[in-house]
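protein-v3.cif follows (mmCIF, C-alpha atoms):
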data_model
loop_
_atom_site.label_atom_id
_atom_site.label_comp_id
_atom_site.auth_asym_id
_atom_site.auth_seq_id
_atom_site.Cartn_x
_atom_site.Cartn_y
_atom_site.Cartn_z
CA MET A 1 4.58 45.64 153.30
CA ARG A 2 6.26 43.54 150.65
CA SER A 3 4.39 40.42 149.62
CA ASP A 4 5.93 37.25 150.96
CA PHE A 5 5.68 33.61 149.93
CA ASP A 6 6.58 30.22 151.34
CA LYS A 7 6.65 28.20 148.13
CA LEU A 8 8.18 28.47 144.66
CA THR A 9 6.41 26.54 141.90
CA VAL A 10 7.71 26.05 138.36
CA VAL A 11 5.02 24.90 135.93
CA ASP A 12 5.74 23.61 132.40
CA LEU A 13 8.52 26.17 132.01
CA ALA A 14 10.16 26.61 128.61
CA ARG A 15 12.56 29.12 127.13
CA HIS A 16 13.36 29.23 123.41
CA TYR A 17 15.98 31.26 121.59
CA GLY A 18 14.80 31.02 118.02
CA ARG A 19 14.80 27.31 117.22
CA ARG A 20 17.07 26.43 120.16
CA LYS A 21 15.25 25.18 123.25
CA ALA A 22 17.20 26.25 126.33
CA LEU A 23 14.48 24.84 128.62
CA SER A 24 11.56 22.51 127.93
CA GLN A 25 8.72 21.49 130.25
CA VAL A 26 10.52 22.07 133.52
CA ASN A 27 8.41 21.39 136.61
CA PHE A 28 9.31 21.44 140.30
CA THR A 29 8.27 22.92 143.63
CA CYS A 30 10.40 24.03 146.57
CA GLU A 31 9.51 25.43 149.96
CA THR A 32 11.04 27.47 152.76
CA GLY A 33 13.98 25.83 154.48
CA GLU A 34 15.06 23.90 151.39
CA ILE A 35 18.34 24.10 149.50
CA ILE A 36 17.69 22.94 145.95
CA GLY A 37 20.59 22.08 143.64
CA LEU A 38 20.40 22.46 139.86
CA LEU A 39 22.94 19.99 138.54
CA GLY A 40 23.87 19.37 134.94
CA PRO A 41 26.58 19.81 132.30
CA ASN A 42 27.35 23.10 130.57
CA GLY A 43 24.44 24.07 128.35
CA ALA A 44 21.89 22.15 130.42
CA GLY A 45 19.86 25.32 131.08
CA LYS A 46 20.82 25.97 134.71
CA SER A 47 21.70 29.65 134.31
CA THR A 48 18.70 30.28 132.08
CA LEU A 49 16.44 28.77 134.73
CA LEU A 50 17.98 30.90 137.48
CA ASN A 51 17.57 34.04 135.38
CA ILE A 52 13.89 33.23 134.87
CA LEU A 53 13.42 32.61 138.60
CA ALA A 54 15.12 35.97 139.24
CA THR A 55 12.65 37.62 136.80
CA LEU A 56 15.59 38.81 134.65
CA ILE A 57 14.21 37.05 131.58
CA SER A 58 10.71 35.83 130.76
CA PRO A 59 9.76 32.25 129.92
CA SER A 60 8.56 31.43 126.43
CA LEU A 61 5.96 29.09 127.88
CA GLY A 62 4.80 28.09 131.35
CA ARG A 63 5.02 30.11 134.52
CA VAL A 64 6.75 30.57 137.85
CA GLU A 65 4.57 31.07 140.92
CA TYR A 66 5.96 32.87 143.97
CA GLY A 67 3.42 31.68 146.47
CA ALA A 68 0.06 32.47 144.90
CA CYS A 69 1.19 34.90 142.20
CA THR A 70 3.50 35.18 139.22
CA ALA A 71 6.14 37.88 138.83
CA ALA A 72 3.88 39.76 136.44
CA GLU A 73 1.10 39.76 139.04
CA GLY A 74 3.31 40.54 142.02
CA GLY A 75 5.58 43.05 140.30
CA ALA A 76 8.13 44.89 142.41
CA ASP A 77 6.82 43.29 145.61
CA VAL A 78 7.84 39.83 144.40
CA ARG A 79 11.16 41.02 142.98
CA GLY A 80 11.89 42.67 146.33
CA ARG A 81 11.85 39.22 147.94
CA ILE A 82 14.52 37.79 145.62
CA GLY A 83 18.30 37.93 146.03
CA MET A 84 20.77 36.64 143.45
CA LEU A 85 24.47 35.90 143.34
CA GLY A 86 25.45 35.31 139.72
CA HIS A 87 28.65 35.09 137.68
CA ASP A 88 28.80 38.89 137.76
CA LEU A 89 29.19 39.83 141.43
CA PHE A 90 27.75 43.34 140.86
CA LEU A 91 30.40 45.02 142.99
CA TYR A 92 32.12 48.27 142.12
CA PRO A 93 35.90 47.64 142.34
CA GLU A 94 36.69 51.35 142.75
CA LEU A 95 34.58 51.47 145.93
CA THR A 96 35.37 50.01 149.34
CA ALA A 97 33.48 47.01 150.64
CA ARG A 98 31.51 49.26 152.98
CA GLU A 99 30.69 51.77 150.22
CA ASN A 100 29.42 48.94 148.02
CA LEU A 101 27.12 47.62 150.72
CA VAL A 102 25.87 51.08 151.71
CA PHE A 103 25.08 51.82 148.07
CA PHE A 104 23.02 48.66 147.61
CA ALA A 105 21.31 49.06 150.98
CA GLN A 106 20.19 52.50 149.85
CA LEU A 107 18.96 51.06 146.55
CA TYR A 108 16.82 48.62 148.54
CA GLY A 109 15.49 51.52 150.58
CA LEU A 110 16.75 50.05 153.85
CA PRO A 111 16.83 52.36 156.89
CA ASP A 112 20.25 53.23 158.34
CA ALA A 113 22.26 51.86 155.42
CA PRO A 114 25.66 52.35 157.15
CA ALA A 115 24.57 50.19 160.10
CA VAL A 116 23.22 47.53 157.73
CA ALA A 117 26.53 47.54 155.84
CA ASP A 118 28.55 47.20 159.05
CA ALA A 119 26.44 44.24 160.19
CA SER A 120 26.89 42.59 156.80
CA LEU A 121 30.66 43.06 156.91
CA ALA A 122 30.73 41.46 160.35
CA ARG A 123 28.73 38.45 159.09
CA ALA A 124 31.16 38.13 156.19
CA GLY A 125 34.13 38.18 158.58
CA LEU A 126 35.40 41.36 156.92
CA ALA A 127 34.74 44.00 159.56
CA ASP A 128 38.41 44.95 159.55
CA ARG A 129 38.53 45.28 155.74
CA GLY A 130 35.44 47.42 155.24
CA ASP A 131 37.40 50.50 154.18
CA ASP A 132 39.58 48.62 151.68
CA LEU A 133 38.87 48.80 147.95
CA VAL A 134 37.15 45.72 146.57
CA SER A 135 39.68 45.72 143.71
CA GLY A 136 42.31 44.52 146.18
CA PHE A 137 40.23 41.63 147.51
CA SER A 138 40.78 37.96 146.75
CA ARG A 139 38.12 36.03 144.85
CA GLY A 140 36.85 34.53 148.10
CA MET A 141 36.58 37.91 149.81
CA ARG A 142 34.73 39.44 146.85
CA GLN A 143 32.37 36.46 146.85
CA ARG A 144 31.61 36.98 150.54
CA VAL A 145 30.86 40.67 150.00
CA ALA A 146 28.70 39.86 146.97
CA LEU A 147 26.72 37.28 148.94
CA GLU A 148 26.02 39.84 151.65
CA ARG A 149 25.01 42.29 148.91
CA ALA A 150 22.45 39.72 147.73
CA LEU A 151 21.18 39.16 151.28
CA LEU A 152 20.99 42.78 152.48
CA HIS A 153 17.20 42.97 152.14
CA GLU A 154 16.62 39.53 153.72
CA PRO A 155 15.09 37.94 150.61
CA ARG A 156 12.84 34.90 150.80
CA LEU A 157 14.28 33.39 147.60
CA VAL A 158 18.07 33.22 147.22
CA LEU A 159 19.50 32.23 143.83
CA LEU A 160 23.17 31.33 143.38
CA ASP A 161 24.94 30.53 140.11
CA GLU A 162 28.18 28.54 140.61
CA PRO A 163 28.92 30.23 143.96
CA PHE A 164 31.84 27.92 144.86
CA THR A 165 33.91 28.43 141.70
CA GLY A 166 37.45 29.58 142.46
CA LEU A 167 37.06 29.46 146.24
CA ASP A 168 39.57 27.87 148.58
CA GLN A 169 38.52 25.48 151.34
CA ALA A 170 38.13 28.18 154.00
CA SER A 171 36.04 30.45 151.77
CA THR A 172 33.87 27.52 150.69
CA ALA A 173 33.27 26.54 154.31
CA ALA A 174 32.32 30.13 155.19
CA LEU A 175 29.89 30.30 152.27
CA VAL A 176 28.29 26.96 153.18
CA ALA A 177 27.84 28.12 156.78
CA ARG A 178 26.10 31.31 155.61
CA LEU A 179 23.79 29.32 153.34
CA ARG A 180 22.94 26.97 156.20
CA GLU A 181 22.09 30.00 158.34
CA ARG A 182 19.75 31.32 155.66
CA GLN A 183 18.17 27.88 155.32
CA GLN A 184 17.46 27.84 159.06
CA ALA A 185 15.98 31.35 158.74
CA GLY A 186 13.37 30.02 156.32
CA CYS A 187 14.78 31.02 152.95
CA ILE A 188 14.31 29.06 149.75
CA LEU A 189 17.76 28.57 148.23
CA VAL A 190 18.33 27.43 144.64
CA ILE A 191 21.95 26.74 143.66
CA ALA A 192 23.37 25.88 140.25
CA THR A 193 26.72 24.18 140.74
CA HIS A 194 29.22 21.79 139.19
CA ASP A 195 30.91 21.24 142.56
CA LEU A 196 29.38 17.94 143.60
CA ASP A 197 31.81 17.55 146.50
CA VAL A 198 30.39 20.67 148.16
CA ALA A 199 26.80 19.88 147.15
CA ASP A 200 27.14 16.41 148.68
CA GLY A 201 25.32 16.63 152.01
CA LEU A 202 24.39 20.31 151.57
CA LEU A 203 21.35 19.98 149.32
CA SER A 204 17.85 19.14 150.46
CA ARG A 205 17.13 17.98 146.93
CA ALA A 206 18.95 17.75 143.61
CA ILE A 207 17.34 18.42 140.23
CA TYR A 208 19.26 16.97 137.28
CA LEU A 209 19.08 18.92 134.03
CA LYS A 210 20.22 17.80 130.59
CA ASN A 211 19.55 19.60 127.32
CA GLY A 212 17.05 21.88 129.03
CA ARG A 213 14.96 19.08 130.54
CA VAL A 214 14.65 17.62 134.01
CA VAL A 215 15.99 14.08 133.75
CA GLY A 216 15.76 13.19 137.42
CA THR A 217 15.46 14.38 141.00
CA ASP A 218 17.13 13.16 144.16
CA SER A 219 16.21 13.78 147.79
CA ASP A 220 19.42 12.17 149.10
CA SER A 221 22.35 14.48 148.45
CA ARG A 222 24.94 12.09 149.90
CA GLY A 223 26.99 10.23 147.31
CA LEU A 224 25.78 12.53 144.54
CA SER A 225 28.55 11.92 142.03
CA GLU A 226 27.52 8.42 141.00
CA ARG A 227 23.79 9.18 140.83
CA TYR A 228 24.50 12.36 138.89
CA ARG A 229 26.57 10.40 136.38
CA LEU A 230 23.76 7.87 135.91
CA ALA A 231 21.10 10.57 135.57
CA ILE A 232 22.78 12.54 132.79
CA GLN A 233 24.51 9.77 130.85
#
Give the structure from the file, written as structure tokens.
Amino acid sequence: MRSDFDKLTVVDLARHYGRRKALSQVNFTCETGEIIGLLGPNGAGKSTLLNILATLISPSLGRVEYGACTAAEGGADVRGRIGMLGHDLFLYPELTARENLVFFAQLYGLPDAPAVADASLARAGLADRGDDLVSGFSRGMRQRVALERALLHEPRLVLLDEPFTGLDQASTAALVARLRERQQAGCILVIATHDLDVADGLLSRAIYLKNGRVVGTDSDSRGLSERYRLAIQ
């Protein structure tokens, strides 16, 4: 049984690259059913923070607690409860959508990987395109497949790095609906985004980052643009 958690806690987190401080003294907590937005300009440390939360890189100082344990303490059990959609969609273009999802379902050790892949394609609205090569998909279609790839194992923590970039209105709406569904299912979702129009009304809470530091938080995600501008000026 994989260890589960209902809270993510970031404590005095810092990440240094030589003399450059990508993150400094970052603190926040989020719980199941929350959609947390990491907002800030390029170079604010959003992607670095997501990569630390995903256990892809280690902090220089501080710690991340997944419930009662850190990634080092929880090991593969903790990592098995995390799903990430980053800039790299981690899809194989020479494979079909179904083959991609079957492959990753098998990597996760899920029983009946073909059935899991078919269910994921249906949720993505791509049941009729499952046997088409991913290389022929639009950006929005690839994004939908990649999101399902990240959700195959029903992770508790879902991390998304600029998930709305390059999407049209219909694809954005479909992605928002899927995130809402995961929120209702009790996931913790952390999203780094520049798209304040989409974030407006979607987020449970916004965390403003500038030069690697938290410069403000906001529990009202309506009318974000003006408060964001004031926070990072």
- Query: What would the list of residues within 12 Å of (14.5, 29.2, 132.2) (file frame) look like as a count of residues only, if only C-alpha atoms are what count?
  - Reply: 43
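Excluding A:Arg139 and any residue on its chain fewer than 4 positions from it, the residues at most 10 Å away by all atoms listed in the file are A:Val134, A:Ser135, A:Gln143, A:Arg144, A:Thr165, A:Gly166, A:Leu167, A:Asp168, A:Ser171.
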Correct to one decimal, the distance atom CA of A:Val158-atom CA of A:Met84 is 5.8 Å
A straight line from atom CA of A:Gly74 to atom CA of A:Thr29 spans 18.4 Å
Students should find that atom CA of A:Glu99 and atom CA of A:Glu154 are spaced 19.0 Å
- Query: Using all atoms listed in the file, which residue out of A:Glu94, A:Asp128, A:Glu65, A:Asp195 lies closest to A:Gly40?
  - Reply: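 With all atoms listed in the file as the atom set, the closest residue is A:Asp195.
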Shortest interatomic distance to A:Pro111 - which of A:His153, A:Lys210, A:His87, A:Arg180, counting only C-alpha atoms: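 Result for the nearest residue to A:Pro111: A:His153.
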inquiry  = Which residues, named as in the file, does the PyMOL selection byres ((chain A and resi 217-229) around 8) pick out? Answer as a ChimeraX atom specification.
reply    = /A:39,196-197,199-208,214-216,230-233
Between A:Leu121, A:Ala185, A:Ile82, A:Ala150, smallest distance to A:Thr96 by only C-alpha atoms belongs to A:Leu121
* To do: Please write as a list in words the full residue list that the PyMOL selection byres ((chain A and resi 182) around 10) yields on this file.
  => Thr32, Gly33, Glu34, Ile35, Leu151, Glu154, Pro155, Arg156, Leu157, Val158, Val176, Ala177, Arg178, Leu179, Arg180, Glu181, Gln183, Gln184, Ala185, Gly186, Cys187, Ile188 and Leu189 of chain A
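Taking only C-alpha atoms into account, A:Ala97 lies nearest to A:Ala146 out of the set A:Ala76, A:Cys69, A:Leu8, A:Ala146.
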- [ ] Check what the PyMOL selection byres ((chain A and resi 163) around 9) selects in the file above and give those residues as a PyMOL selection string.
- [x] chain A and resi 85-87+143+147+160-162+164-167+172+175+191-193
